[in-house]
$ cat work_35.txt   # compact mmCIF, C-alpha atoms
# COMPACT_ATOMS: atom_id res chain seq x y z
CA MET A 14 -2.11 23.35 14.92
CA ASN A 15 -2.66 19.78 16.14
CA ASN A 16 -4.09 18.73 12.76
CA LEU A 17 -1.13 20.32 11.00
CA PHE A 18 1.31 18.37 13.19
CA VAL A 19 -0.51 15.10 12.42
CA THR A 20 -0.47 15.87 8.69
CA VAL A 21 3.25 16.63 8.68
CA LEU A 22 4.05 13.53 10.76
CA VAL A 23 2.01 11.18 8.57
CA CYS A 24 3.45 12.65 5.38
CA PHE A 25 6.97 12.37 6.83
CA LEU A 26 6.52 8.69 7.69
CA ALA A 27 4.88 7.94 4.35
CA GLY A 28 7.58 9.83 2.45
CA ALA A 29 10.38 8.16 4.43
CA GLY A 30 9.00 4.68 3.76
CA ALA A 31 8.39 5.45 0.10
CA GLY A 32 11.78 7.10 -0.40
CA ILE A 33 13.71 4.27 1.21
CA GLY A 34 11.80 1.76 -0.90
CA THR A 35 12.49 3.74 -4.06
CA GLY A 36 16.18 4.40 -3.42
CA PHE A 37 17.06 0.92 -2.24
CA ALA A 38 14.67 -1.32 -4.15
CA GLY A 39 13.27 0.73 -7.03
CA MET A 40 9.76 0.38 -5.60
CA SER A 41 6.79 2.59 -6.42
CA ALA A 42 6.15 5.31 -3.84
CA ALA A 43 2.41 5.02 -4.50
CA ALA A 44 2.40 1.54 -2.97
CA VAL A 45 3.36 3.08 0.40
CA ILE A 46 1.98 6.61 0.32
CA GLY A 47 -1.48 5.72 -1.00
CA PRO A 48 -2.61 3.38 1.82
CA VAL A 49 -0.98 5.53 4.54
CA LEU A 50 -2.64 8.81 3.47
CA THR A 51 -6.02 7.13 3.01
CA THR A 52 -5.94 5.38 6.39
CA PHE A 53 -4.50 8.09 8.63
CA LEU A 54 -5.55 11.33 6.91
CA GLY A 55 -8.78 10.22 5.26
CA ILE A 56 -7.67 11.24 1.77
CA PRO A 57 -9.72 9.51 -0.97
CA PRO A 58 -7.84 6.48 -2.37
CA TYR A 59 -7.71 7.79 -5.94
CA ALA A 60 -6.23 11.13 -4.83
CA ALA A 61 -3.82 9.40 -2.43
CA VAL A 62 -2.45 7.19 -5.21
CA GLY A 63 -2.06 10.29 -7.38
CA ILE A 64 0.00 11.97 -4.64
CA GLY A 65 2.12 8.83 -4.32
CA LEU A 66 2.73 8.64 -8.06
CA PHE A 67 3.69 12.32 -8.29
CA SER A 68 6.03 11.91 -5.30
CA ASP A 69 7.58 9.02 -7.19
CA VAL A 70 8.54 11.17 -10.19
CA LEU A 71 11.27 13.28 -8.58
CA ALA A 72 12.30 10.53 -6.15
CA SER A 73 12.82 8.05 -8.99
CA ALA A 74 14.54 10.66 -11.15
CA VAL A 75 17.05 11.67 -8.47
CA SER A 76 17.65 8.01 -7.61
CA ALA A 77 18.24 7.19 -11.27
CA TYR A 78 20.72 10.08 -11.51
CA THR A 79 22.57 8.79 -8.46
CA TYR A 80 22.77 5.29 -9.92
CA LYS A 81 23.88 6.70 -13.28
CA LYS A 82 26.78 8.59 -11.66
CA ALA A 83 27.90 5.29 -10.15
CA GLY A 84 27.68 3.55 -13.56
CA ASN A 85 24.61 1.55 -12.58
CA LEU A 86 22.02 2.64 -15.15
CA ASP A 87 21.33 0.98 -18.53
CA VAL A 88 19.29 3.50 -20.54
CA LYS A 89 19.77 2.12 -24.06
CA ASN A 90 18.78 -1.48 -23.41
CA SER A 91 15.89 -0.52 -21.13
CA LEU A 92 14.01 1.57 -23.72
CA PRO A 93 12.00 -1.34 -25.25
CA LEU A 94 10.89 -2.39 -21.77
CA MET A 95 10.02 1.18 -20.75
CA LEU A 96 7.99 1.97 -23.89
CA THR A 97 6.04 -1.29 -23.64
CA VAL A 98 5.31 -0.70 -19.97
CA LEU A 99 4.02 2.83 -20.67
CA VAL A 100 1.66 1.63 -23.40
CA MET A 101 0.33 -1.31 -21.41
CA THR A 102 -0.13 0.86 -18.30
CA VAL A 103 -2.73 2.83 -20.25
CA VAL A 104 -4.40 -0.40 -21.40
CA GLY A 105 -4.44 -1.72 -17.83
CA SER A 106 -5.99 1.52 -16.58
CA LEU A 107 -8.77 1.27 -19.14
CA VAL A 108 -9.52 -2.32 -18.14
CA ALA A 109 -9.43 -1.31 -14.46
CA SER A 110 -12.27 1.14 -15.11
CA LEU A 111 -14.46 -1.81 -16.05
CA LEU A 112 -13.39 -4.28 -13.35
CA PRO A 113 -12.88 -4.08 -9.54
CA PRO A 114 -9.14 -3.39 -9.04
CA ARG A 115 -9.19 -4.29 -5.34
CA ALA A 116 -9.55 -7.91 -6.41
CA MET A 117 -5.81 -7.95 -7.10
CA SER A 118 -4.51 -5.78 -4.25
CA GLY A 119 -3.89 -8.65 -1.84
CA THR A 120 -2.18 -10.61 -4.57
CA MET A 121 0.31 -7.77 -5.13
CA GLN A 122 1.33 -7.73 -1.46
CA PHE A 123 1.70 -11.51 -1.48
CA MET A 124 3.91 -11.22 -4.55
CA MET A 125 6.01 -8.56 -2.82
CA LEU A 126 6.56 -10.88 0.15
CA LEU A 127 7.64 -13.73 -2.14
CA ILE A 128 9.99 -11.52 -4.18
CA GLY A 129 11.48 -10.10 -0.97
CA LEU A 130 12.15 -13.62 0.28
CA ARG A 131 13.69 -14.46 -3.07
CA PHE A 132 16.32 -11.71 -2.72
CA LEU A 133 17.04 -12.76 0.86
CA LEU A 134 17.31 -16.50 0.26
CA LYS A 135 18.70 -16.49 -3.30
CA PRO A 136 20.70 -13.28 -3.88
CA VAL A 137 21.33 -12.10 -7.44
CA GLN A 138 24.95 -12.96 -8.27
CA THR A 139 25.00 -11.76 -11.90
CA THR A 140 28.03 -9.65 -12.83
CA LYS A 141 28.12 -6.77 -15.32
CA GLU A 142 30.30 -8.93 -17.60
CA GLN A 143 27.65 -11.68 -17.67
CA MET A 144 24.96 -9.09 -18.25
CA ALA A 145 26.82 -7.64 -21.25
CA ALA A 146 27.11 -11.11 -22.81
CA VAL A 147 23.32 -11.50 -23.20
CA ASP A 148 22.18 -11.59 -26.84
CA ALA A 149 20.73 -8.19 -27.84
CA LYS A 150 17.84 -9.59 -29.92
CA SER A 151 16.84 -11.99 -27.16
CA ARG A 152 16.91 -9.15 -24.62
CA ILE A 153 14.59 -7.01 -26.75
CA LEU A 154 12.05 -9.81 -27.21
CA LYS A 155 12.09 -10.60 -23.50
CA SER A 156 11.81 -6.89 -22.66
CA VAL A 157 8.68 -6.47 -24.78
CA ALA A 158 7.07 -9.62 -23.35
CA ALA A 159 7.88 -8.57 -19.79
CA GLY A 160 6.75 -4.99 -20.44
CA ILE A 161 3.31 -6.20 -21.53
CA ALA A 162 2.81 -8.06 -18.26
CA VAL A 163 4.31 -5.42 -15.97
CA GLY A 164 2.56 -2.49 -17.65
CA PHE A 165 -0.85 -4.13 -17.63
CA VAL A 166 -0.69 -5.12 -13.95
CA CYS A 167 0.72 -1.71 -13.00
CA GLY A 168 -2.12 0.11 -14.79
CA PHE A 169 -4.77 -2.27 -13.48
CA VAL A 170 -3.74 -2.21 -9.83
CA GLY A 171 -2.24 1.29 -9.70
CA ALA A 172 1.00 0.18 -8.02
CA GLY A 173 3.59 -2.56 -8.00
CA GLY A 174 5.45 -1.55 -11.15
CA GLY A 175 8.81 -0.98 -9.46
CA MET A 176 8.69 -4.28 -7.62
CA MET A 177 7.83 -6.20 -10.76
CA LEU A 178 10.40 -4.33 -12.85
CA LEU A 179 13.17 -5.23 -10.42
CA PHE A 180 12.15 -8.88 -10.47
CA VAL A 181 11.98 -8.93 -14.27
CA LEU A 182 15.32 -7.17 -14.70
CA THR A 183 17.16 -9.53 -12.35
CA SER A 184 15.41 -12.85 -12.96
CA PHE A 185 14.24 -12.55 -16.57
CA LEU A 186 16.68 -10.18 -18.28
CA GLY A 187 19.83 -11.13 -16.36
CA TYR A 188 20.71 -7.72 -14.89
CA GLN A 189 23.33 -7.20 -12.20
CA MET A 190 21.66 -6.10 -8.93
CA HIS A 191 22.82 -2.46 -8.78
CA MET A 192 22.15 -2.03 -12.50
CA ALA A 193 18.67 -3.51 -12.08
CA VAL A 194 17.70 -1.09 -9.29
CA GLY A 195 19.09 1.90 -11.19
CA THR A 196 17.29 0.93 -14.38
CA SER A 197 14.08 0.22 -12.46
CA VAL A 198 13.92 3.70 -10.91
CA PHE A 199 14.73 5.24 -14.31
CA ILE A 200 11.70 3.55 -15.87
CA MET A 201 9.55 4.31 -12.82
CA ALA A 202 10.16 8.05 -13.21
CA PHE A 203 8.33 7.96 -16.56
CA THR A 204 5.56 5.56 -15.54
CA ALA A 205 4.91 7.58 -12.37
CA LEU A 206 4.72 10.83 -14.37
CA THR A 207 2.23 9.28 -16.79
CA GLY A 208 0.15 7.86 -13.94
CA SER A 209 0.11 11.04 -11.85
CA VAL A 210 -0.87 13.27 -14.75
CA SER A 211 -3.72 10.89 -15.56
CA HIS A 212 -4.91 10.87 -11.94
CA PHE A 213 -4.85 14.65 -11.66
CA ALA A 214 -6.56 15.10 -15.03
CA ILE A 215 -9.38 12.76 -14.05
CA GLY A 216 -9.72 13.42 -10.33
CA GLY A 217 -8.47 17.00 -10.05
CA MET A 218 -5.60 18.34 -7.96
CA PRO A 219 -5.28 16.80 -4.46
CA ASP A 220 -4.55 18.60 -1.18
CA ALA A 221 -1.58 20.90 -1.90
CA LEU A 222 0.00 20.57 1.56
CA CYS A 223 0.01 16.76 1.53
CA LEU A 224 1.27 16.73 -2.04
CA GLY A 225 4.15 19.10 -1.29
CA LEU A 226 5.17 17.36 1.93
CA CYS A 227 5.11 13.87 0.40
CA VAL A 228 7.13 15.00 -2.62
CA LEU A 229 9.74 16.65 -0.37
CA PHE A 230 10.13 13.81 2.14
CA THR A 231 10.12 11.08 -0.51
CA LEU A 232 12.76 12.95 -2.51
CA ILE A 233 15.05 13.43 0.52
CA TRP A 234 14.88 9.80 1.66
CA ALA A 235 15.19 8.40 -1.87
CA ARG A 236 18.39 10.41 -2.36
CA ILE A 237 19.83 9.15 0.93
CA ALA A 238 18.88 5.53 0.22
CA ALA A 239 20.23 5.60 -3.35
CA ARG A 240 23.62 6.95 -2.22
CA ILE A 241 23.93 4.26 0.45
CA ALA A 242 22.81 1.53 -1.97
CA ASN A 243 25.46 2.44 -4.55
CA LYS A 244 28.18 2.13 -1.92
CA SER A 245 26.99 -1.32 -0.81
CA ASP A 246 28.15 -4.61 -2.30
CA ALA A 247 25.69 -6.78 -4.25
CA LYS A 248 25.13 -9.25 -1.41
CA THR A 249 24.26 -6.48 1.05
CA LEU A 250 21.98 -4.78 -1.47
CA ASN A 251 20.13 -8.07 -2.06
CA ARG A 252 19.49 -8.38 1.66
CA VAL A 253 18.37 -4.77 2.04
CA VAL A 254 16.02 -5.03 -0.95
CA GLY A 255 14.55 -8.24 0.47
CA VAL A 256 13.97 -6.71 3.89
CA VAL A 257 12.51 -3.49 2.44
CA MET A 258 10.04 -5.45 0.31
CA ILE A 259 8.95 -7.75 3.14
CA VAL A 260 8.53 -4.89 5.64
CA THR A 261 6.67 -2.78 3.06
CA ALA A 262 4.30 -5.61 2.13
CA ALA A 263 3.60 -6.44 5.78
CA SER A 264 3.02 -2.77 6.60
CA ILE A 265 0.58 -2.28 3.71
CA LEU A 266 -1.34 -5.42 4.65
CA LEU A 267 -1.58 -4.07 8.21
CA VAL A 268 -2.73 -0.64 7.01
CA ASN A 269 -5.34 -2.26 4.75
CA ALA A 270 -6.55 -4.34 7.70
CA ILE A 271 -6.98 -1.15 9.77
CA ARG A 272 -9.03 0.34 6.95

$ encode --input "work_35.txt" --output "structure tokens"
Amino acid sequence: MNNLFVTVLVCFLAGAGAGIGTGFAGMSAAAVIGPVLTTFLGIPPYAAVGIGLFSDVLASAVSAYTYKKAGNLDVKNSLPLMLTVLVMTVVGSLVASLLPPRAMSGTMQFMMLLIGLRFLLKPVQTTKEQMAAVDAKSRILKSVAAGIAVGFVCGFVGAGGGMMLLFVLTSFLGYQMHMAVGTSVFIMAFTALTGSVSHFAIGGMPDALCLGLCVLFTLIWARIAARIANKSDAKTLNRVVGVVMIVTAASILLVNAIR
């Protein structure tokens, strides 16, 4: 009974952190759930990342739906970026099988801290009118170039795709903040599905209880966070995204230190 309570509590905290990060900032749930499950429940890292990725599928999908209802999802223009990311995620995974992926883990957390500070200190002020004025051909070329980088790093490290997508959408492709988060979680739903299926196919199915609990808690908190985010103004959302990224990065660094 005591072990069951600990499992539920850890999964709740991991799912809450992952869901809030997904709903507010379009972040990958695997970046939170993986380290937490490995550290506090002793789940093998590969299986823990698989649970995080699978939890990300429904959480990202319901978040994307919430953003779409509020008019903050750009499906058409995001397709080149999404397709490139999916292809390069596979390439990055293949390369990761030949090289030590942990070599880049600290770098990803450092990047998350910097990007979080960026949103706090220099909020995205782009409007939807300015976003619509961007040349279509230029956007496609930039999307493919960005997708190559994001997909490769995501596949190589196993996390970080949502964070990098949000940065690319706002700083490189000129997206308005709400639209960037909505589009980020839309793309993440597909990348997380691809990643989780690959993990389960290679490593087998993980613990069913942990998987079910993490999916449920991540979904609930992502839904709550996405609804709040869509009702917030751009300046407030910038601040929340910045804080979420900084707290998440610091927490993961602390969890990794405990390990």

$ residues_around --input "work_35.txt" --residues "A:Ser151" --least-positions-apart "3" --cutoff "12 Å" --atoms "all atoms listed in the file" --output "count of residues only"
13

$ closest_residue --input "work_35.txt" --among "A:Thr102, A:Gln122, A:Ser209, A:Thr140" --to "A:Lys248" --atoms "all atoms listed in the file"
A:Thr140

$ closest_residue --input "work_35.txt" --among "A:Ala205, A:Val254, A:Met144, A:Ala162" --to "A:Thr97" --atoms "only C-alpha atoms"
A:Ala162

$ residues_around --input "work_35.txt" --residues "A:Val62" --least-positions-apart "4" --cutoff "9 Å" --atoms "only C-alpha atoms" --output "PyMOL selection string"
chain A and resi 42-44+46-48+50-51+57-58+66-67+171-172+209+212

$ atom_distance --input "work_35.txt" --atom1 "atom CA of A:Ile153" --atom2 "atom CA of A:Leu71"
27.4 Å

$ build_atoms --input "work_35.txt" --residues "stretch 155-166 of chain A" --atoms "all heavy atoms" --output "short mmCIF file (atom, residue, chain, number, x, y, z; two decimals), keeping the file's coordinate frame"
data_model
loop_
_atom_site.label_atom_id
_atom_site.label_comp_id
_atom_site.auth_asym_id
_atom_site.auth_seq_id
_atom_site.Cartn_x
_atom_site.Cartn_y
_atom_site.Cartn_z
N LYS A 155 12.46 -10.38 -24.89
CA LYS A 155 12.09 -10.60 -23.50
C LYS A 155 11.60 -9.31 -22.85
O LYS A 155 10.67 -9.32 -22.04
CB LYS A 155 13.29 -11.15 -22.72
CG LYS A 155 13.64 -12.59 -23.05
CD LYS A 155 14.81 -13.07 -22.19
CE LYS A 155 15.15 -14.52 -22.46
NZ LYS A 155 16.28 -14.99 -21.61
N SER A 156 12.21 -8.18 -23.22
CA SER A 156 11.81 -6.89 -22.66
C SER A 156 10.38 -6.54 -23.05
O SER A 156 9.60 -6.07 -22.21
CB SER A 156 12.77 -5.79 -23.15
OG SER A 156 14.07 -5.99 -22.66
N VAL A 157 10.03 -6.77 -24.31
CA VAL A 157 8.68 -6.47 -24.78
C VAL A 157 7.66 -7.38 -24.09
O VAL A 157 6.61 -6.92 -23.63
CB VAL A 157 8.60 -6.63 -26.31
CG1 VAL A 157 7.15 -6.51 -26.78
CG2 VAL A 157 9.46 -5.58 -27.00
N ALA A 158 7.98 -8.67 -24.00
CA ALA A 158 7.07 -9.62 -23.35
C ALA A 158 6.87 -9.26 -21.88
O ALA A 158 5.74 -9.26 -21.38
CB ALA A 158 7.62 -11.04 -23.48
N ALA A 159 7.96 -8.94 -21.20
CA ALA A 159 7.88 -8.57 -19.79
C ALA A 159 7.15 -7.24 -19.61
O ALA A 159 6.36 -7.07 -18.67
CB ALA A 159 9.28 -8.48 -19.19
N GLY A 160 7.39 -6.30 -20.53
CA GLY A 160 6.75 -4.99 -20.44
C GLY A 160 5.24 -5.08 -20.57
O GLY A 160 4.51 -4.32 -19.92
N ILE A 161 4.76 -6.01 -21.38
CA ILE A 161 3.31 -6.20 -21.53
C ILE A 161 2.70 -6.61 -20.20
O ILE A 161 1.68 -6.07 -19.77
CB ILE A 161 3.03 -7.27 -22.62
CG1 ILE A 161 3.41 -6.72 -24.00
CG2 ILE A 161 1.56 -7.68 -22.59
CD1 ILE A 161 3.31 -7.75 -25.11
N ALA A 162 3.33 -7.57 -19.54
CA ALA A 162 2.81 -8.06 -18.26
C ALA A 162 2.91 -7.01 -17.16
O ALA A 162 1.94 -6.74 -16.45
CB ALA A 162 3.55 -9.34 -17.85
N VAL A 163 4.08 -6.40 -17.03
CA VAL A 163 4.31 -5.42 -15.97
C VAL A 163 3.41 -4.19 -16.16
O VAL A 163 2.77 -3.72 -15.21
CB VAL A 163 5.78 -4.98 -15.93
CG1 VAL A 163 5.97 -3.83 -14.93
CG2 VAL A 163 6.68 -6.15 -15.54
N GLY A 164 3.36 -3.68 -17.38
CA GLY A 164 2.56 -2.49 -17.65
C GLY A 164 1.09 -2.71 -17.39
O GLY A 164 0.41 -1.86 -16.80
N PHE A 165 0.57 -3.85 -17.82
CA PHE A 165 -0.85 -4.13 -17.63
C PHE A 165 -1.21 -4.21 -16.15
O PHE A 165 -2.17 -3.60 -15.69
CB PHE A 165 -1.25 -5.43 -18.33
CG PHE A 165 -2.71 -5.75 -18.20
CD1 PHE A 165 -3.64 -5.16 -19.04
CD2 PHE A 165 -3.15 -6.62 -17.21
CE1 PHE A 165 -5.00 -5.44 -18.91
CE2 PHE A 165 -4.50 -6.90 -17.07
CZ PHE A 165 -5.43 -6.31 -17.92
N VAL A 166 -0.42 -4.98 -15.39
CA VAL A 166 -0.69 -5.12 -13.95
C VAL A 166 -0.54 -3.78 -13.24
O VAL A 166 -1.34 -3.43 -12.37
CB VAL A 166 0.25 -6.18 -13.33
CG1 VAL A 166 0.09 -6.20 -11.82
CG2 VAL A 166 -0.04 -7.55 -13.91
#
